[in-house]
>>> print(open('query28.cif').read())   # mmCIF, C-alpha atoms
data_work
loop_
_atom_site.label_atom_id
_atom_site.label_comp_id
_atom_site.auth_asym_id
_atom_site.auth_seq_id
_atom_site.Cartn_x
_atom_site.Cartn_y
_atom_site.Cartn_z
CA MET A 92 9.51 -24.88 4.41
CA VAL A 93 8.90 -21.76 6.50
CA ASN A 94 8.65 -22.37 10.25
CA PRO A 95 4.97 -22.00 11.37
CA GLY A 96 6.06 -19.66 14.17
CA LYS A 97 7.89 -17.39 11.73
CA ARG A 98 4.89 -17.47 9.39
CA MET A 99 2.58 -16.42 12.23
CA HIS A 100 4.94 -13.58 13.21
CA ARG A 101 4.93 -12.35 9.62
CA LEU A 102 1.14 -12.43 9.47
CA GLN A 103 0.85 -10.59 12.77
CA ALA A 104 3.36 -7.97 11.62
CA LYS A 105 1.46 -7.45 8.36
CA LEU A 106 -1.82 -7.06 10.24
CA LEU A 107 -0.32 -4.48 12.58
CA ALA A 108 1.16 -2.62 9.60
CA LEU A 109 -2.30 -2.59 8.00
CA ARG A 110 -4.01 -1.38 11.18
CA HIS A 111 -1.58 1.40 12.04
CA GLY A 112 0.45 3.94 10.12
CA PRO A 113 -0.35 6.71 7.62
CA GLY A 114 -4.03 6.50 6.69
CA ALA A 115 -5.23 4.80 9.88
CA ALA A 116 -8.30 6.92 10.54
CA ILE A 117 -12.04 6.59 11.08
CA LEU A 118 -14.15 8.70 8.74
CA PRO A 119 -17.30 10.52 9.85
CA PRO A 120 -20.65 8.94 8.86
CA GLU A 121 -21.40 11.79 6.46
CA ILE A 122 -18.85 10.50 3.95
CA THR A 123 -20.51 8.28 1.35
CA ARG A 124 -17.59 7.38 -0.96
CA ILE A 125 -14.07 8.29 -2.05
CA HIS A 126 -12.77 8.44 -5.60
CA MET A 127 -9.16 8.78 -6.73
CA ASN A 128 -8.12 9.62 -10.27
CA PHE A 129 -4.47 9.60 -11.42
CA ALA A 130 -2.13 8.14 -14.04
CA LEU A 131 -0.77 4.60 -14.22
CA LYS A 132 2.89 5.59 -13.92
CA TRP A 133 4.49 7.58 -11.13
CA ASN A 134 6.21 10.27 -13.20
CA ASP A 135 4.84 13.68 -14.31
CA GLY A 136 3.51 14.53 -10.88
CA HIS A 137 1.72 11.27 -10.08
CA PHE A 138 4.18 9.85 -7.54
CA GLY A 139 2.37 11.33 -4.50
CA PRO A 140 -1.08 10.03 -5.49
CA ARG A 141 0.36 6.61 -6.29
CA LYS A 142 2.11 6.38 -2.91
CA PHE A 143 -1.07 7.51 -1.11
CA TRP A 144 -2.99 4.77 -2.92
CA LYS A 145 -0.40 2.12 -2.04
CA SER A 146 0.30 3.18 1.54
CA CYS A 147 -2.66 5.10 2.97
CA LEU A 148 -5.75 3.86 1.16
CA PRO A 149 -5.50 0.23 2.42
CA ARG A 150 -5.53 1.49 6.02
CA LEU A 151 -8.45 3.82 5.32
CA LYS A 152 -10.35 0.88 3.84
CA PHE A 153 -9.46 -1.32 6.81
CA TRP A 154 -10.97 1.13 9.26
CA ASN A 155 -13.88 2.12 7.00
CA PRO A 156 -14.89 -1.07 5.17
CA ALA A 157 -18.42 0.13 4.36
CA ILE A 158 -17.28 3.22 2.43
CA PRO A 159 -16.69 2.60 -1.30
CA MET A 160 -13.18 3.68 -2.36
CA LEU A 161 -12.62 3.60 -6.11
CA VAL A 162 -9.34 4.18 -7.93
CA ASN A 163 -9.54 5.18 -11.59
CA ARG A 164 -6.19 5.26 -13.39
CA THR A 165 -5.38 6.39 -16.89
CA SER A 166 -2.48 5.93 -19.30
CA ASP A 167 -2.52 9.69 -19.95
CA GLN A 168 0.36 10.98 -17.82
CA SER A 169 -0.69 14.59 -18.49
CA ALA A 170 -4.08 13.97 -16.85
CA ALA A 171 -5.06 15.59 -13.58
CA ALA A 172 -4.59 13.76 -10.30
CA LYS A 173 -7.64 14.43 -8.17
CA MET A 174 -9.34 12.94 -5.17
CA SER A 175 -13.09 13.40 -4.80
CA ILE A 176 -14.67 12.98 -1.37
CA TYR A 177 -18.47 12.72 -1.34
CA PHE A 178 -20.47 13.85 1.68
CA ARG A 179 -24.07 13.14 2.56
CA GLN A 180 -25.84 16.49 3.04
CA ALA A 181 -28.84 15.21 5.01
CA ALA A 182 -28.41 13.01 8.06
CA LEU A 183 -29.80 9.49 7.68
CA SER A 184 -30.49 6.90 10.31
CA SER A 185 -28.18 3.91 10.24
CA ASP A 186 -30.90 1.62 8.83
CA THR A 187 -31.97 3.99 6.02
CA PRO A 188 -30.15 3.34 2.72
CA SER A 189 -28.91 6.38 0.81
CA ALA A 190 -30.17 7.20 -2.68
CA LEU A 191 -26.77 6.18 -4.05
CA ALA A 192 -26.82 2.81 -2.26
CA SER A 193 -30.33 2.12 -3.53
CA LYS A 194 -29.33 3.07 -7.07
CA LEU A 195 -26.19 0.89 -7.08
CA SER A 196 -27.95 -2.10 -5.56
CA SER A 197 -30.42 -2.08 -8.46
CA LEU A 198 -27.62 -2.36 -11.05
CA PRO A 199 -26.11 -5.66 -12.20
CA LEU A 200 -22.69 -6.25 -10.67
CA ALA A 201 -20.93 -5.81 -14.03
CA GLN A 202 -22.46 -2.33 -14.42
CA GLN A 203 -21.58 -1.06 -10.96
CA PRO A 204 -18.64 1.37 -10.72
CA HIS A 205 -15.33 -0.28 -9.91
CA SER A 206 -11.65 0.56 -9.84
CA SER A 207 -10.09 0.70 -13.29
CA THR A 208 -6.71 0.94 -14.99
CA GLU A 209 -8.28 2.05 -18.28
CA ASN A 210 -10.05 5.25 -17.22
CA GLU A 211 -13.43 3.50 -17.26
CA HIS A 212 -14.88 5.21 -14.21
CA PRO A 213 -13.84 8.86 -13.75
CA ALA A 214 -15.24 10.71 -10.75
CA PRO A 215 -19.03 11.02 -11.12
CA GLU A 216 -21.13 14.04 -10.33
CA PRO A 217 -22.58 14.03 -6.81
CA GLU A 218 -25.95 12.38 -6.43
CA GLU A 219 -28.97 14.18 -5.07
CA GLY A 220 -28.32 14.89 -1.40
CA GLU A 221 -24.55 14.73 -1.84
CA ARG A 222 -21.79 17.32 -2.05
CA VAL A 223 -18.24 16.72 -3.20
CA VAL A 224 -14.93 18.08 -1.93
CA THR A 225 -11.82 17.65 -4.07
CA ILE A 226 -8.08 17.49 -3.44
CA ASP A 227 -5.60 18.30 -6.21
CA MET A 228 -2.93 15.62 -5.78
CA LYS A 229 -0.67 16.31 -8.76
CA ASN A 230 2.91 17.14 -7.77
CA VAL A 231 1.92 16.83 -4.10
CA HIS A 232 3.72 14.61 -1.57
CA SER A 233 1.66 11.76 -0.16
CA ASP A 234 2.07 13.12 3.39
CA ASP A 235 0.61 16.45 2.30
CA ILE A 236 -2.25 14.69 0.52
CA LEU A 237 -3.01 12.81 3.73
CA SER A 238 -2.88 15.99 5.83
CA GLU A 239 -5.33 17.75 3.51
CA PHE A 240 -7.54 14.67 3.46
CA ILE A 241 -7.70 14.53 7.28
CA ALA A 242 -8.43 18.26 7.47
CA LYS A 243 -11.20 18.19 4.86
CA THR A 244 -12.91 15.03 6.09
CA GLY A 245 -12.59 15.58 9.82
CA ALA A 246 -11.36 12.00 10.18
CA THR A 247 -10.30 10.71 13.59
CA LEU A 248 -6.79 9.29 13.66
CA VAL A 249 -6.37 5.79 15.09
CA HIS A 250 -3.37 5.29 17.35
CA PRO A 251 -1.96 1.94 18.49
CA THR A 252 -2.75 0.79 22.00
CA PRO A 253 0.11 0.30 24.50
CA ASP A 254 -0.01 -3.46 23.86
CA GLU A 255 0.15 -2.89 20.10
CA GLN A 256 3.10 -0.54 20.54
CA VAL A 257 4.93 -3.29 22.41
CA GLU A 258 4.09 -5.74 19.60
CA MET A 259 5.26 -3.29 16.95
CA ARG A 260 8.59 -2.75 18.72
CA LYS A 261 9.01 -6.52 19.02
CA PHE A 262 8.41 -7.03 15.31
CA ASP A 263 10.79 -4.17 14.47
CA GLU A 264 13.48 -5.88 16.56
CA LEU A 265 12.78 -9.21 14.86
CA ALA A 266 13.06 -7.53 11.45
CA GLU A 267 16.38 -5.93 12.42
CA ARG A 268 17.75 -9.25 13.65
CA ALA A 269 16.57 -10.97 10.48
CA ALA A 270 18.34 -8.34 8.37
CA ILE A 271 21.57 -8.88 10.34
CA ASP A 272 21.25 -12.67 9.97
CA ARG A 273 20.72 -12.31 6.22
CA ALA A 274 23.80 -10.09 5.92
CA ILE A 275 25.92 -12.60 7.91
CA ARG A 276 24.67 -15.52 5.80
CA LYS A 277 25.28 -13.58 2.58
CA LYS A 278 28.88 -12.84 3.64
CA TYR A 279 29.39 -16.52 4.53
CA LEU A 280 28.09 -17.69 1.14
CA ASP A 281 30.08 -15.00 -0.70
CA ASP A 282 33.25 -16.15 1.08
CA ILE A 283 32.56 -19.78 0.10
CA ARG A 284 31.96 -18.83 -3.55
CA ARG A 285 35.11 -16.68 -3.60
CA GLU A 286 37.17 -19.56 -2.19
CA GLU A 287 35.68 -21.92 -4.76
CA ARG A 288 36.63 -19.51 -7.58
CA ILE A 289 40.20 -19.23 -6.24
CA GLN A 290 40.51 -23.00 -6.05
CA ALA A 291 39.10 -23.39 -9.56
CA VAL A 292 41.65 -20.92 -10.94
CA ALA A 293 44.47 -22.69 -9.06
CA ARG A 294 43.42 -26.06 -10.50
CA GLN A 295 43.31 -24.60 -14.01
CA GLU A 296 46.79 -23.11 -13.59
CA ALA A 297 48.14 -26.39 -12.20
CA GLU A 298 46.61 -28.29 -15.11
CA ALA A 299 48.12 -25.83 -17.58
CA ILE A 300 51.60 -26.21 -16.04
CA LYS A 301 51.24 -30.01 -16.09
CA MET A 302 50.25 -29.96 -19.78
CA ALA A 303 53.15 -27.63 -20.62
CA ASN A 304 55.70 -29.97 -18.99
CA GLN A 305 54.53 -33.09 -20.82
#
>>> encode(input="query28.cif", output="structure tokens")
Amino acid sequence: MVNPGKRMHRLQAKLLALRHGPGAAILPPEITRIHMNFALKWNDGHFGPRKFWKSCLPRLKFWNPAIPMLVNRTSDQSAAAKMSIYFRQAALSSDTPSALASKLSSLPLAQQPHSSTENEHPAPEPEEGERVVTIDMKNVHSDDILSEFIAKTGATLVHPTPDEQVEMRKFDELAERAAIDRAIRKKYLDDIRREERIQAVARQEAEAIKMANQ
């Protein structure tokens, strides 16, 4: 059973990793939704979009939980890899729902757009009062996708506080020590197994000599 202290450290490290790193940014209120479209597999130019989805999008969602972020994937590896960022053209007060929000809230849950692995929900046309900005992600490194995303959205990067930096360094040191401990334990177990194999071979040879002399 995992020690409760170790389990808590792991949870804290995962939370810090979710809060900070590539993609940790606060989006301006004009952005209404984000849509990503790329292939299921990483080859044929889809490695960058896939890495952005795995590494950056969770942090964007953490800092912007109210903004819908849909991922539509397709089995067609020759398909385009495109990100669509939708902006609200007219400023709304915080308590005024957008036309899109009103439209989606009237639909049954099963009919509302959702992420898909079967190309069910490609990027829609902008609604009335929206404009869309796109990023071509095919054959583009995830870091470059993120840089273009930050530039086009005007997002504000989130940096760790001094206390969080101390925590992150502490968890990095714990991870390094854990890796060293695992390597030492692996060598110890490998040595035991090697010694057991040598002893097994020696016993077999001794048994063979004994049988030959009978």
>>> residues_around(input="query28.cif", residues="Glu239 of chain A", least_positions_apart="6", cutoff="10 Å", atoms="all atoms listed in the file", output="PyMOL selection string")
chain A and resi 225-228+233+245
>>> closest_residue(input="query28.cif", among="A:Lys229, A:Asp234, A:Ile117, A:Leu106", to="His250 of chain A", atoms="only C-alpha atoms")
A:Ile117
>>> resolve_selection(input="query28.cif", expression="the PyMOL selection byres ((chain A and resi 223) around 6)", output="PDB file with C-alpha atoms, keeping the file's coordinate frame")
ATOM      1  CA  ILE A 176     -14.670  12.980  -1.370  1.00  0.00           C
ATOM      2  CA  TYR A 177     -18.470  12.720  -1.340  1.00  0.00           C
ATOM      3  CA  ARG A 222     -21.790  17.320  -2.050  1.00  0.00           C
ATOM      4  CA  VAL A 224     -14.930  18.080  -1.930  1.00  0.00           C
TER       5      VAL A 224
END
>>> closest_residue(input="query28.cif", among="A:Arg284, A:Arg164, A:His111, A:Lys301", to="Leu131 of chain A", atoms="all atoms listed in the file")
A:Arg164
>>> closest_residue(input="query28.cif", among="A:Thr208, A:Thr123, A:Gln295, A:Thr244", to="Ala157 of chain A", atoms="all atoms listed in the file")
A:Thr123
>>> atom_distance(input="query28.cif", atom1="atom CA of Thr247 of chain A", atom2="atom CA of Pro113 of chain A")
12.3 Å
>>> resolve_selection(input="query28.cif", expression="the PyMOL selection byres ((chain A and resi 145) around 12)", output="NGL selection string")
:A and (109 or 113-114 or 127 or 133 or 138-144 or 146-152 or 162 or 233)
>>> atom_distance(input="query28.cif", atom1="atom CA of Met259 of chain A", atom2="atom CA of Leu237 of chain A")
22.4 Å
>>> residues_around(input="query28.cif", residues="Asp167 of chain A", least_positions_apart="4", cutoff="10 Å", atoms="only C-alpha atoms", output="number ranges by chain")
A: 129-132, 171, 209-210
>>> write_last_selection(input="query28.cif", atoms="C-alpha atoms", output="PDB file, keeping the file's coordinate frame")
ATOM      1  CA  PHE A 129      -4.470   9.600 -11.420  1.00  0.00           C
ATOM      2  CA  ALA A 130      -2.130   8.140 -14.040  1.00  0.00           C
ATOM      3  CA  LEU A 131      -0.770   4.600 -14.220  1.00  0.00           C
ATOM      4  CA  LYS A 132       2.890   5.590 -13.920  1.00  0.00           C
ATOM      5  CA  ALA A 171      -5.060  15.590 -13.580  1.00  0.00           C
ATOM      6  CA  GLU A 209      -8.280   2.050 -18.280  1.00  0.00           C
ATOM      7  CA  ASN A 210     -10.050   5.250 -17.220  1.00  0.00           C
TER       8      ASN A 210
END
>>> closest_residue(input="query28.cif", among="A:Gln103, A:Asn134, A:Gln168, A:Asn128", to="Ala214 of chain A", atoms="all atoms listed in the file")
A:Asn128
>>> atom_distance(input="query28.cif", atom1="atom CA of Ile158 of chain A", atom2="atom CA of Glu211 of chain A")
20.1 Å
>>> closest_residue(input="query28.cif", among="A:Lys278, A:His137, A:Lys261, A:Arg294", to="His232 of chain A", atoms="only C-alpha atoms")
A:His137
>>> axis_aligned_box(input="query28.cif", around="segment 290-304 of chain A", padding_each_side="8 Å", output="JSON")
{"center_x": 47.4, "center_y": -25.5, "center_z": -13.3, "size_x": 32.6, "size_y": 25.1, "size_z": 30.6}
>>> build_atoms(input="query28.cif", residues="segment 139-169 of chain A", atoms="N, CA and C atoms", output="PDB file, in the frame of the given file")
ATOM      1  N   GLY A 139       3.083  11.148  -5.777  1.00  0.00           N
ATOM      2  CA  GLY A 139       2.370  11.330  -4.500  1.00  0.00           C
ATOM      3  C   GLY A 139       1.047  10.592  -4.466  1.00  0.00           C
ATOM      4  N   PRO A 140       0.183  10.781  -5.482  1.00  0.00           N
ATOM      5  CA  PRO A 140      -1.080  10.030  -5.490  1.00  0.00           C
ATOM      6  C   PRO A 140      -0.883   8.528  -5.490  1.00  0.00           C
ATOM      7  N   ARG A 141       0.113   8.057  -6.226  1.00  0.00           N
ATOM      8  CA  ARG A 141       0.360   6.610  -6.290  1.00  0.00           C
ATOM      9  C   ARG A 141       0.795   6.079  -4.915  1.00  0.00           C
ATOM     10  N   LYS A 142       1.661   6.827  -4.226  1.00  0.00           N
ATOM     11  CA  LYS A 142       2.110   6.380  -2.910  1.00  0.00           C
ATOM     12  C   LYS A 142       0.957   6.419  -1.908  1.00  0.00           C
ATOM     13  N   PHE A 143       0.107   7.446  -1.991  1.00  0.00           N
ATOM     14  CA  PHE A 143      -1.070   7.510  -1.110  1.00  0.00           C
ATOM     15  C   PHE A 143      -1.952   6.297  -1.330  1.00  0.00           C
ATOM     16  N   TRP A 144      -2.166   5.939  -2.578  1.00  0.00           N
ATOM     17  CA  TRP A 144      -2.990   4.770  -2.920  1.00  0.00           C
ATOM     18  C   TRP A 144      -2.391   3.488  -2.355  1.00  0.00           C
ATOM     19  N   LYS A 145      -1.063   3.348  -2.491  1.00  0.00           N
ATOM     20  CA  LYS A 145      -0.400   2.120  -2.040  1.00  0.00           C
ATOM     21  C   LYS A 145      -0.290   2.046  -0.517  1.00  0.00           C
ATOM     22  N   SER A 146      -0.024   3.193   0.121  1.00  0.00           N
ATOM     23  CA  SER A 146       0.300   3.180   1.540  1.00  0.00           C
ATOM     24  C   SER A 146      -0.874   3.546   2.432  1.00  0.00           C
ATOM     25  N   CYS A 147      -1.620   4.572   2.072  1.00  0.00           N
ATOM     26  CA  CYS A 147      -2.660   5.100   2.970  1.00  0.00           C
ATOM     27  C   CYS A 147      -4.040   4.509   2.720  1.00  0.00           C
ATOM     28  N   LEU A 148      -4.390   4.308   1.463  1.00  0.00           N
ATOM     29  CA  LEU A 148      -5.750   3.860   1.160  1.00  0.00           C
ATOM     30  C   LEU A 148      -6.083   2.494   1.770  1.00  0.00           C
ATOM     31  N   PRO A 149      -5.165   1.505   1.780  1.00  0.00           N
ATOM     32  CA  PRO A 149      -5.500   0.230   2.420  1.00  0.00           C
ATOM     33  C   PRO A 149      -5.878   0.386   3.893  1.00  0.00           C
ATOM     34  N   ARG A 150      -5.198   1.291   4.599  1.00  0.00           N
ATOM     35  CA  ARG A 150      -5.530   1.490   6.020  1.00  0.00           C
ATOM     36  C   ARG A 150      -6.877   2.205   6.154  1.00  0.00           C
ATOM     37  N   LEU A 151      -7.136   3.168   5.294  1.00  0.00           N
ATOM     38  CA  LEU A 151      -8.450   3.820   5.320  1.00  0.00           C
ATOM     39  C   LEU A 151      -9.560   2.802   5.086  1.00  0.00           C
ATOM     40  N   LYS A 152      -9.338   1.891   4.142  1.00  0.00           N
ATOM     41  CA  LYS A 152     -10.350   0.880   3.840  1.00  0.00           C
ATOM     42  C   LYS A 152     -10.490  -0.100   4.998  1.00  0.00           C
ATOM     43  N   PHE A 153      -9.399  -0.410   5.665  1.00  0.00           N
ATOM     44  CA  PHE A 153      -9.460  -1.320   6.810  1.00  0.00           C
ATOM     45  C   PHE A 153     -10.358  -0.766   7.900  1.00  0.00           C
ATOM     46  N   TRP A 154     -10.201   0.520   8.188  1.00  0.00           N
ATOM     47  CA  TRP A 154     -10.970   1.130   9.260  1.00  0.00           C
ATOM     48  C   TRP A 154     -12.356   1.596   8.809  1.00  0.00           C
ATOM     49  N   ASN A 155     -12.583   1.656   7.508  1.00  0.00           N
ATOM     50  CA  ASN A 155     -13.880   2.120   7.000  1.00  0.00           C
ATOM     51  C   ASN A 155     -14.362   1.186   5.893  1.00  0.00           C
ATOM     52  N   PRO A 156     -14.595  -0.075   6.209  1.00  0.00           N
ATOM     53  CA  PRO A 156     -14.890  -1.070   5.170  1.00  0.00           C
ATOM     54  C   PRO A 156     -16.194  -0.809   4.408  1.00  0.00           C
ATOM     55  N   ALA A 157     -17.123  -0.079   5.005  1.00  0.00           N
ATOM     56  CA  ALA A 157     -18.420   0.130   4.360  1.00  0.00           C
ATOM     57  C   ALA A 157     -18.404   1.273   3.341  1.00  0.00           C
ATOM     58  N   ILE A 158     -17.344   2.068   3.342  1.00  0.00           N
ATOM     59  CA  ILE A 158     -17.280   3.220   2.430  1.00  0.00           C
ATOM     60  C   ILE A 158     -16.619   2.799   1.125  1.00  0.00           C
ATOM     61  N   PRO A 159     -17.310   2.926  -0.014  1.00  0.00           N
ATOM     62  CA  PRO A 159     -16.690   2.600  -1.300  1.00  0.00           C
ATOM     63  C   PRO A 159     -15.497   3.514  -1.580  1.00  0.00           C
ATOM     64  N   MET A 160     -14.398   2.928  -2.018  1.00  0.00           N
ATOM     65  CA  MET A 160     -13.180   3.680  -2.360  1.00  0.00           C
ATOM     66  C   MET A 160     -12.709   3.194  -3.719  1.00  0.00           C
ATOM     67  N   LEU A 161     -12.945   3.993  -4.741  1.00  0.00           N
ATOM     68  CA  LEU A 161     -12.620   3.600  -6.110  1.00  0.00           C
ATOM     69  C   LEU A 161     -11.368   4.336  -6.583  1.00  0.00           C
ATOM     70  N   VAL A 162     -10.559   3.621  -7.352  1.00  0.00           N
ATOM     71  CA  VAL A 162      -9.340   4.180  -7.930  1.00  0.00           C
ATOM     72  C   VAL A 162      -9.432   4.046  -9.442  1.00  0.00           C
ATOM     73  N   ASN A 163      -9.460   5.166 -10.124  1.00  0.00           N
ATOM     74  CA  ASN A 163      -9.540   5.180 -11.590  1.00  0.00           C
ATOM     75  C   ASN A 163      -8.216   5.714 -12.130  1.00  0.00           C
ATOM     76  N   ARG A 164      -7.486   4.845 -12.851  1.00  0.00           N
ATOM     77  CA  ARG A 164      -6.190   5.260 -13.390  1.00  0.00           C
ATOM     78  C   ARG A 164      -6.253   5.328 -14.916  1.00  0.00           C
ATOM     79  N   THR A 165      -5.399   6.172 -15.454  1.00  0.00           N
ATOM     80  CA  THR A 165      -5.380   6.390 -16.890  1.00  0.00           C
ATOM     81  C   THR A 165      -3.955   6.318 -17.415  1.00  0.00           C
ATOM     82  N   SER A 166      -3.813   5.970 -18.673  1.00  0.00           N
ATOM     83  CA  SER A 166      -2.480   5.930 -19.300  1.00  0.00           C
ATOM     84  C   SER A 166      -2.004   7.314 -19.710  1.00  0.00           C
ATOM     85  N   ASP A 167      -2.865   8.316 -19.602  1.00  0.00           N
ATOM     86  CA  ASP A 167      -2.520   9.690 -19.950  1.00  0.00           C
ATOM     87  C   ASP A 167      -1.764  10.332 -18.788  1.00  0.00           C
ATOM     88  N   GLN A 168      -0.445  10.423 -18.897  1.00  0.00           N
ATOM     89  CA  GLN A 168       0.360  10.980 -17.820  1.00  0.00           C
ATOM     90  C   GLN A 168       0.135  12.475 -17.624  1.00  0.00           C
ATOM     91  N   SER A 169      -0.437  13.148 -18.620  1.00  0.00           N
ATOM     92  CA  SER A 169      -0.690  14.590 -18.490  1.00  0.00           C
ATOM     93  C   SER A 169      -2.015  14.868 -17.786  1.00  0.00           C
TER      94      SER A 169
END
